[in-house]
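S.K.: File upload_21.txt follows (compact mmCIF, C-alpha atoms):
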```
# COMPACT_ATOMS: atom_id res chain seq x y z
CA MET A 1 -70.46 -16.92 -7.77
CA GLU A 2 -69.14 -20.13 -9.27
CA HIS A 3 -71.00 -22.59 -11.43
CA ARG A 4 -72.54 -25.48 -9.51
CA ILE A 5 -72.69 -29.04 -10.79
CA ARG A 6 -74.63 -31.36 -8.49
CA ILE A 7 -73.90 -35.04 -9.02
CA THR A 8 -76.16 -37.75 -7.65
CA PRO A 9 -75.05 -41.36 -8.16
CA GLU A 10 -77.94 -43.79 -8.51
CA ALA A 11 -75.71 -46.55 -9.89
CA GLU A 12 -72.49 -48.24 -8.87
CA VAL A 13 -69.52 -46.15 -10.04
CA GLU A 14 -65.95 -47.30 -9.63
CA GLY A 15 -63.92 -44.32 -8.42
CA LEU A 16 -66.96 -42.10 -7.82
CA GLU A 17 -64.95 -39.18 -6.45
CA ALA A 18 -62.68 -39.05 -9.51
CA VAL A 19 -65.64 -39.47 -11.89
CA SER A 20 -67.51 -36.67 -10.10
CA GLU A 21 -64.48 -34.38 -10.32
CA LEU A 22 -64.14 -35.16 -14.04
CA ILE A 23 -67.81 -34.45 -14.75
CA THR A 24 -67.61 -31.17 -12.82
CA ARG A 25 -64.41 -30.10 -14.57
CA CYS A 26 -65.84 -30.88 -18.02
CA ALA A 27 -69.20 -29.23 -17.35
CA VAL A 28 -67.57 -26.05 -16.02
CA ALA A 29 -65.13 -25.95 -18.96
CA ALA A 30 -68.06 -26.19 -21.39
CA LEU A 31 -69.87 -23.36 -19.59
CA GLU A 32 -66.75 -21.19 -19.65
CA ALA A 33 -66.11 -21.93 -23.33
CA GLU A 34 -69.70 -20.90 -24.12
CA GLN A 35 -69.33 -17.71 -22.04
CA ALA A 36 -72.00 -18.67 -19.55
CA PRO A 37 -72.99 -16.07 -17.00
CA GLU A 38 -71.89 -16.73 -13.43
CA GLY A 39 -73.87 -19.05 -11.22
CA CYS A 40 -75.12 -21.67 -13.66
CA PHE A 41 -76.44 -24.86 -12.09
CA VAL A 42 -76.69 -28.31 -13.70
CA ASP A 43 -78.10 -31.40 -12.03
CA VAL A 44 -76.30 -34.63 -13.05
CA THR A 45 -77.60 -38.07 -12.19
CA ILE A 46 -75.46 -41.14 -12.83
CA VAL A 47 -77.59 -44.17 -13.63
CA ASP A 48 -77.39 -47.68 -15.05
CA GLY A 49 -78.69 -49.00 -18.35
CA ASP A 50 -82.11 -50.09 -17.06
CA THR A 51 -82.78 -46.69 -15.52
CA ILE A 52 -81.76 -44.66 -18.56
CA ARG A 53 -83.80 -46.94 -20.79
CA GLU A 54 -86.88 -46.24 -18.67
CA ILE A 55 -86.20 -42.48 -18.70
CA ASN A 56 -85.62 -42.57 -22.48
CA ARG A 57 -88.88 -44.47 -23.01
CA GLU A 58 -90.93 -42.19 -20.75
CA ASN A 59 -89.54 -38.90 -22.02
CA ARG A 60 -88.59 -39.55 -25.64
CA ASP A 61 -90.72 -42.56 -26.63
CA LYS A 62 -87.50 -44.45 -27.39
CA ASP A 63 -87.35 -47.86 -25.75
CA ALA A 64 -83.57 -48.16 -25.85
CA VAL A 65 -80.53 -47.87 -23.63
CA THR A 66 -78.49 -44.77 -24.42
CA ASP A 67 -75.35 -43.18 -23.02
CA VAL A 68 -76.53 -39.73 -21.93
CA LEU A 69 -79.73 -37.71 -21.91
CA SER A 70 -80.10 -33.95 -21.59
CA PHE A 71 -83.16 -32.09 -20.40
CA PRO A 72 -82.68 -28.33 -20.91
CA MET A 73 -84.70 -25.89 -18.83
CA LEU A 74 -84.00 -22.78 -20.91
CA GLU A 75 -84.46 -21.96 -24.59
CA PHE A 76 -81.09 -21.66 -26.31
CA TYR A 77 -80.14 -21.94 -29.94
CA ASN A 78 -76.58 -23.07 -30.64
CA GLY A 79 -75.19 -21.50 -27.50
CA GLU A 80 -76.82 -18.11 -27.96
CA TRP A 81 -77.85 -16.90 -24.52
CA PRO A 82 -81.39 -15.45 -24.37
CA GLU A 83 -81.42 -11.72 -23.69
CA ASP A 84 -83.74 -12.15 -20.73
CA VAL A 85 -81.87 -15.10 -19.19
CA GLU A 86 -81.24 -13.18 -15.96
CA LEU A 87 -85.00 -13.29 -15.29
CA ASP A 88 -84.70 -17.07 -14.91
CA ARG A 89 -82.41 -16.89 -11.89
CA ASN A 90 -83.55 -18.57 -8.69
CA PRO A 91 -84.35 -15.73 -6.24
CA GLU A 92 -83.24 -17.85 -3.28
CA ASP A 93 -79.64 -18.47 -4.37
CA ASP A 94 -79.29 -16.43 -7.59
CA SER A 95 -78.45 -19.58 -9.57
CA LEU A 96 -79.42 -20.15 -13.19
CA PHE A 97 -80.72 -23.71 -13.60
CA LEU A 98 -79.78 -24.97 -17.06
CA GLY A 99 -81.25 -28.46 -16.77
CA ASP A 100 -80.61 -32.11 -16.08
CA MET A 101 -78.03 -34.52 -17.40
CA ILE A 102 -78.58 -38.26 -17.02
CA LEU A 103 -75.34 -40.22 -17.54
CA ASN A 104 -75.28 -43.98 -18.04
CA TYR A 105 -71.90 -44.79 -16.52
CA ASP A 106 -72.03 -48.46 -17.52
CA ARG A 107 -72.50 -47.48 -21.17
CA ALA A 108 -69.66 -44.97 -20.92
CA VAL A 109 -67.35 -47.77 -19.77
CA GLU A 110 -68.54 -50.04 -22.62
CA GLN A 111 -68.09 -47.31 -25.24
CA ALA A 112 -64.61 -46.44 -24.00
CA GLU A 113 -63.62 -50.04 -24.63
CA GLU A 114 -65.40 -50.13 -28.02
CA TYR A 115 -63.74 -46.91 -29.20
CA GLY A 116 -60.32 -47.76 -27.79
CA HIS A 117 -59.90 -44.82 -25.47
CA SER A 118 -60.09 -44.20 -21.74
CA VAL A 119 -63.20 -44.14 -19.59
CA GLU A 120 -62.09 -40.63 -18.61
CA ARG A 121 -62.21 -39.54 -22.26
CA GLU A 122 -65.65 -41.12 -22.77
CA CYS A 123 -67.19 -39.65 -19.61
CA GLY A 124 -65.65 -36.31 -20.50
CA PHE A 125 -67.07 -36.46 -24.01
CA LEU A 126 -70.54 -37.46 -22.80
CA THR A 127 -70.53 -34.64 -20.25
CA VAL A 128 -69.48 -32.00 -22.77
CA HIS A 129 -71.91 -33.43 -25.34
CA SER A 130 -74.76 -33.15 -22.86
CA MET A 131 -73.74 -29.63 -21.84
CA MET A 132 -73.89 -28.55 -25.48
CA HIS A 133 -77.43 -29.94 -25.67
CA LEU A 134 -78.35 -27.97 -22.53
CA LEU A 135 -77.03 -24.89 -24.34
CA GLY A 136 -79.18 -25.44 -27.41
CA TYR A 137 -76.87 -27.30 -29.78
CA ASP A 138 -78.58 -30.19 -31.56
CA HIS A 139 -76.72 -32.54 -33.88
CA GLU A 140 -80.03 -34.02 -35.05
CA ARG A 141 -81.30 -30.82 -36.75
CA SER A 142 -78.92 -30.90 -39.71
CA GLU A 143 -75.47 -31.99 -40.83
CA GLU A 144 -74.24 -28.39 -40.54
CA GLU A 145 -75.45 -28.16 -36.94
CA ARG A 146 -73.96 -31.57 -36.14
CA GLN A 147 -70.59 -30.29 -37.33
CA LEU A 148 -71.00 -27.07 -35.32
CA GLN A 149 -71.79 -29.00 -32.15
CA ARG A 150 -68.84 -31.36 -32.70
CA LYS A 151 -66.52 -28.38 -33.27
CA HIS A 152 -67.54 -26.84 -29.94
CA GLU A 153 -67.30 -30.19 -28.13
CA GLU A 154 -63.85 -30.96 -29.49
CA ALA A 155 -62.58 -27.47 -28.59
CA VAL A 156 -63.58 -28.02 -24.95
CA LEU A 157 -62.19 -31.56 -24.88
CA SER A 158 -58.90 -30.42 -26.43
CA ALA A 159 -58.54 -27.68 -23.82
CA LEU A 160 -59.04 -30.38 -21.16
CA HIS A 161 -56.50 -32.68 -22.87
CA LEU A 162 -59.20 -35.32 -23.42
CA THR A 163 -58.43 -35.97 -27.06
CA ARG A 164 -58.76 -39.13 -29.08
CA PRO A 165 -57.01 -40.56 -32.12
CA THR A 166 -58.20 -38.75 -35.25
CA ASP A 167 -59.33 -41.96 -36.91
CA GLN A 168 -61.86 -42.72 -34.14
CA PHE A 169 -65.54 -43.19 -34.88
CA GLU A 170 -67.46 -39.89 -35.22
CA LYS A 171 -70.39 -39.85 -32.85
```
Would you put the structure from the file into structure tokens?
M.R.:
Amino acid sequence: MEHRIRITPEAEVEGLEAVSELITRCAVAALEAEQAPEGCFVDVTIVDGDTIREINRENRDKDAVTDVLSFPMLEFYNGEWPEDVELDRNPEDDSLFLGDMILNYDRAVEQAEEYGHSVERECGFLTVHSMMHLLGYDHERSEEERQLQRKHEEAVLSALHLTRPTDQFEK
């Protein structure tokens, strides 16, 4: 059983098919790098700035536009899979729902320009970044954990050949 990444566009996306393929490729690569069991499922919604701002306000009490939000369904800590994770499989299709990713495509395009790299690199980064959050990494806990998350993100992005100049801004 393969991993399943469902992508629902709720905003205008130039080249939707290519963007969807990129998101899927990056999400699956992150799952493989983190040794995910077969059949993981992630629900991705592509939105605009107004929509993500509303979601951010309602769910995080932050009234601000952001680039990506992650809503994990399972309890992970820095990629460590819970021993009883198999109990969380959907009995209908045997999938393991990891959570939701909300991607602000407009912000990804803006940030790509700001940081001087491609939209592909930025969407890839945001996808991998969100996947790491779904797997329990959290750069806001401490500097050490921020570095750990970045290390895992950059390993996946390097394997996908979505690198950036080394002097780029650290997110």
S.K.: Figure out the distance between CA of His129 in chain A and CA of Arg89 in chain A, please, to one decimal in Å.
M.R.: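 CA of His129 in chain A lies 23.8 Å from CA of Arg89 in chain A.
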S.K.: Would you mind telling me which residue in A:Phe125, A:Trp81, A:Tyr115, A:Tyr105 lies nearest to Glu14 in chain A when using all atoms listed in the file?
M.R.: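 Using all atoms listed in the file, Glu14 in chain A sits closest to A:Tyr105.
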S.K.: Determine the nearest neighbour of Ile55 in chain A from the options A:Asn90, A:Gln35, A:Thr8, A:Asn104, counting only C-alpha atoms.
M.R.: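 Looking only at the distances to Ile55 in chain A, the closest residue turns out to be A:Asn104.
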S.K.: Taking all atoms listed in the file into account, which of A:Leu74, A:Val119, A:Val19, A:Ala11 comes nearest Leu162 in chain A?
M.R.: A:Val119
S.K.: Which distance in Å separates CA of Ala155 in chain A and CA of Leu134 in chain A, to one decimal?
M.R.: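 These atoms are spaced 16.9 Å apart.
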S.K.: Smallest atom-to-atom distance to Gly15 in chain A: which of A:Glu120, A:Pro37, A:Arg141, A:His161, using all atoms listed in the file?
M.R.: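 The shortest atom-to-atom distance to Gly15 in chain A comes from A:Glu120.
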S.K.: Set the distance at 12 Å and use all atoms listed in the file: which residues neighbour Arg60 in chain A once local chain neighbours fewer than 6 positions away are removed? I'd like the list as a list in words.
M.R.: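 Residues meeting the cut-off are Ile52, Arg53, Glu54, Thr66, Leu69, Ser70 and Phe71 of chain A.
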S.K.: What lies within 12 Å of range 20-27 of chain A using all atoms listed in the file, ignoring chain neighbours under 6 positions off, as a ChimeraX atom specification?
M.R.: /A:2-9,13-14,33-34,36,40-46,98,100-103,105,119-135,153-162
S.K.: Can you spit out the residues from that selection as a PDB file, in the frame of the given file, using C-alpha atoms?
M.R.:
```pdb
ATOM      1  CA  GLU A   2     -69.140 -20.130  -9.270  1.00  0.00           C
ATOM      2  CA  HIS A   3     -71.000 -22.590 -11.430  1.00  0.00           C
ATOM      3  CA  ARG A   4     -72.540 -25.480  -9.510  1.00  0.00           C
ATOM      4  CA  ILE A   5     -72.690 -29.040 -10.790  1.00  0.00           C
ATOM      5  CA  ARG A   6     -74.630 -31.360  -8.490  1.00  0.00           C
ATOM      6  CA  ILE A   7     -73.900 -35.040  -9.020  1.00  0.00           C
ATOM      7  CA  THR A   8     -76.160 -37.750  -7.650  1.00  0.00           C
ATOM      8  CA  PRO A   9     -75.050 -41.360  -8.160  1.00  0.00           C
ATOM      9  CA  VAL A  13     -69.520 -46.150 -10.040  1.00  0.00           C
ATOM     10  CA  GLU A  14     -65.950 -47.300  -9.630  1.00  0.00           C
ATOM     11  CA  ALA A  33     -66.110 -21.930 -23.330  1.00  0.00           C
ATOM     12  CA  GLU A  34     -69.700 -20.900 -24.120  1.00  0.00           C
ATOM     13  CA  ALA A  36     -72.000 -18.670 -19.550  1.00  0.00           C
ATOM     14  CA  CYS A  40     -75.120 -21.670 -13.660  1.00  0.00           C
ATOM     15  CA  PHE A  41     -76.440 -24.860 -12.090  1.00  0.00           C
ATOM     16  CA  VAL A  42     -76.690 -28.310 -13.700  1.00  0.00           C
ATOM     17  CA  ASP A  43     -78.100 -31.400 -12.030  1.00  0.00           C
ATOM     18  CA  VAL A  44     -76.300 -34.630 -13.050  1.00  0.00           C
ATOM     19  CA  THR A  45     -77.600 -38.070 -12.190  1.00  0.00           C
ATOM     20  CA  ILE A  46     -75.460 -41.140 -12.830  1.00  0.00           C
ATOM     21  CA  LEU A  98     -79.780 -24.970 -17.060  1.00  0.00           C
ATOM     22  CA  ASP A 100     -80.610 -32.110 -16.080  1.00  0.00           C
ATOM     23  CA  MET A 101     -78.030 -34.520 -17.400  1.00  0.00           C
ATOM     24  CA  ILE A 102     -78.580 -38.260 -17.020  1.00  0.00           C
ATOM     25  CA  LEU A 103     -75.340 -40.220 -17.540  1.00  0.00           C
ATOM     26  CA  TYR A 105     -71.900 -44.790 -16.520  1.00  0.00           C
ATOM     27  CA  VAL A 119     -63.200 -44.140 -19.590  1.00  0.00           C
ATOM     28  CA  GLU A 120     -62.090 -40.630 -18.610  1.00  0.00           C
ATOM     29  CA  ARG A 121     -62.210 -39.540 -22.260  1.00  0.00           C
ATOM     30  CA  GLU A 122     -65.650 -41.120 -22.770  1.00  0.00           C
ATOM     31  CA  CYS A 123     -67.190 -39.650 -19.610  1.00  0.00           C
ATOM     32  CA  GLY A 124     -65.650 -36.310 -20.500  1.00  0.00           C
ATOM     33  CA  PHE A 125     -67.070 -36.460 -24.010  1.00  0.00           C
ATOM     34  CA  LEU A 126     -70.540 -37.460 -22.800  1.00  0.00           C
ATOM     35  CA  THR A 127     -70.530 -34.640 -20.250  1.00  0.00           C
ATOM     36  CA  VAL A 128     -69.480 -32.000 -22.770  1.00  0.00           C
ATOM     37  CA  HIS A 129     -71.910 -33.430 -25.340  1.00  0.00           C
ATOM     38  CA  SER A 130     -74.760 -33.150 -22.860  1.00  0.00           C
ATOM     39  CA  MET A 131     -73.740 -29.630 -21.840  1.00  0.00           C
ATOM     40  CA  MET A 132     -73.890 -28.550 -25.480  1.00  0.00           C
ATOM     41  CA  HIS A 133     -77.430 -29.940 -25.670  1.00  0.00           C
ATOM     42  CA  LEU A 134     -78.350 -27.970 -22.530  1.00  0.00           C
ATOM     43  CA  LEU A 135     -77.030 -24.890 -24.340  1.00  0.00           C
ATOM     44  CA  GLU A 153     -67.300 -30.190 -28.130  1.00  0.00           C
ATOM     45  CA  GLU A 154     -63.850 -30.960 -29.490  1.00  0.00           C
ATOM     46  CA  ALA A 155     -62.580 -27.470 -28.590  1.00  0.00           C
ATOM     47  CA  VAL A 156     -63.580 -28.020 -24.950  1.00  0.00           C
ATOM     48  CA  LEU A 157     -62.190 -31.560 -24.880  1.00  0.00           C
ATOM     49  CA  SER A 158     -58.900 -30.420 -26.430  1.00  0.00           C
ATOM     50  CA  ALA A 159     -58.540 -27.680 -23.820  1.00  0.00           C
ATOM     51  CA  LEU A 160     -59.040 -30.380 -21.160  1.00  0.00           C
ATOM     52  CA  HIS A 161     -56.500 -32.680 -22.870  1.00  0.00           C
ATOM     53  CA  LEU A 162     -59.200 -35.320 -23.420  1.00  0.00           C
TER      54      LEU A 162
END
```
S.K.: When distances are computed from all atoms listed in the file, which of A:Val28, A:Tyr137, A:Ala112, A:Ala64 shows the smallest separation from Phe76 in chain A?
M.R.: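 Of A:Val28, A:Tyr137, A:Ala112, A:Ala64, the one nearest Phe76 in chain A is A:Tyr137, counting all atoms listed in the file.
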S.K.: Counting all atoms listed in the file, figure out which residue out of A:Asn78, A:Asp61, A:Gly99, A:Val47 gets nearest to Glu145 in chain A.
M.R.: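 Smallest distance to Glu145 in chain A is found for A:Asn78.
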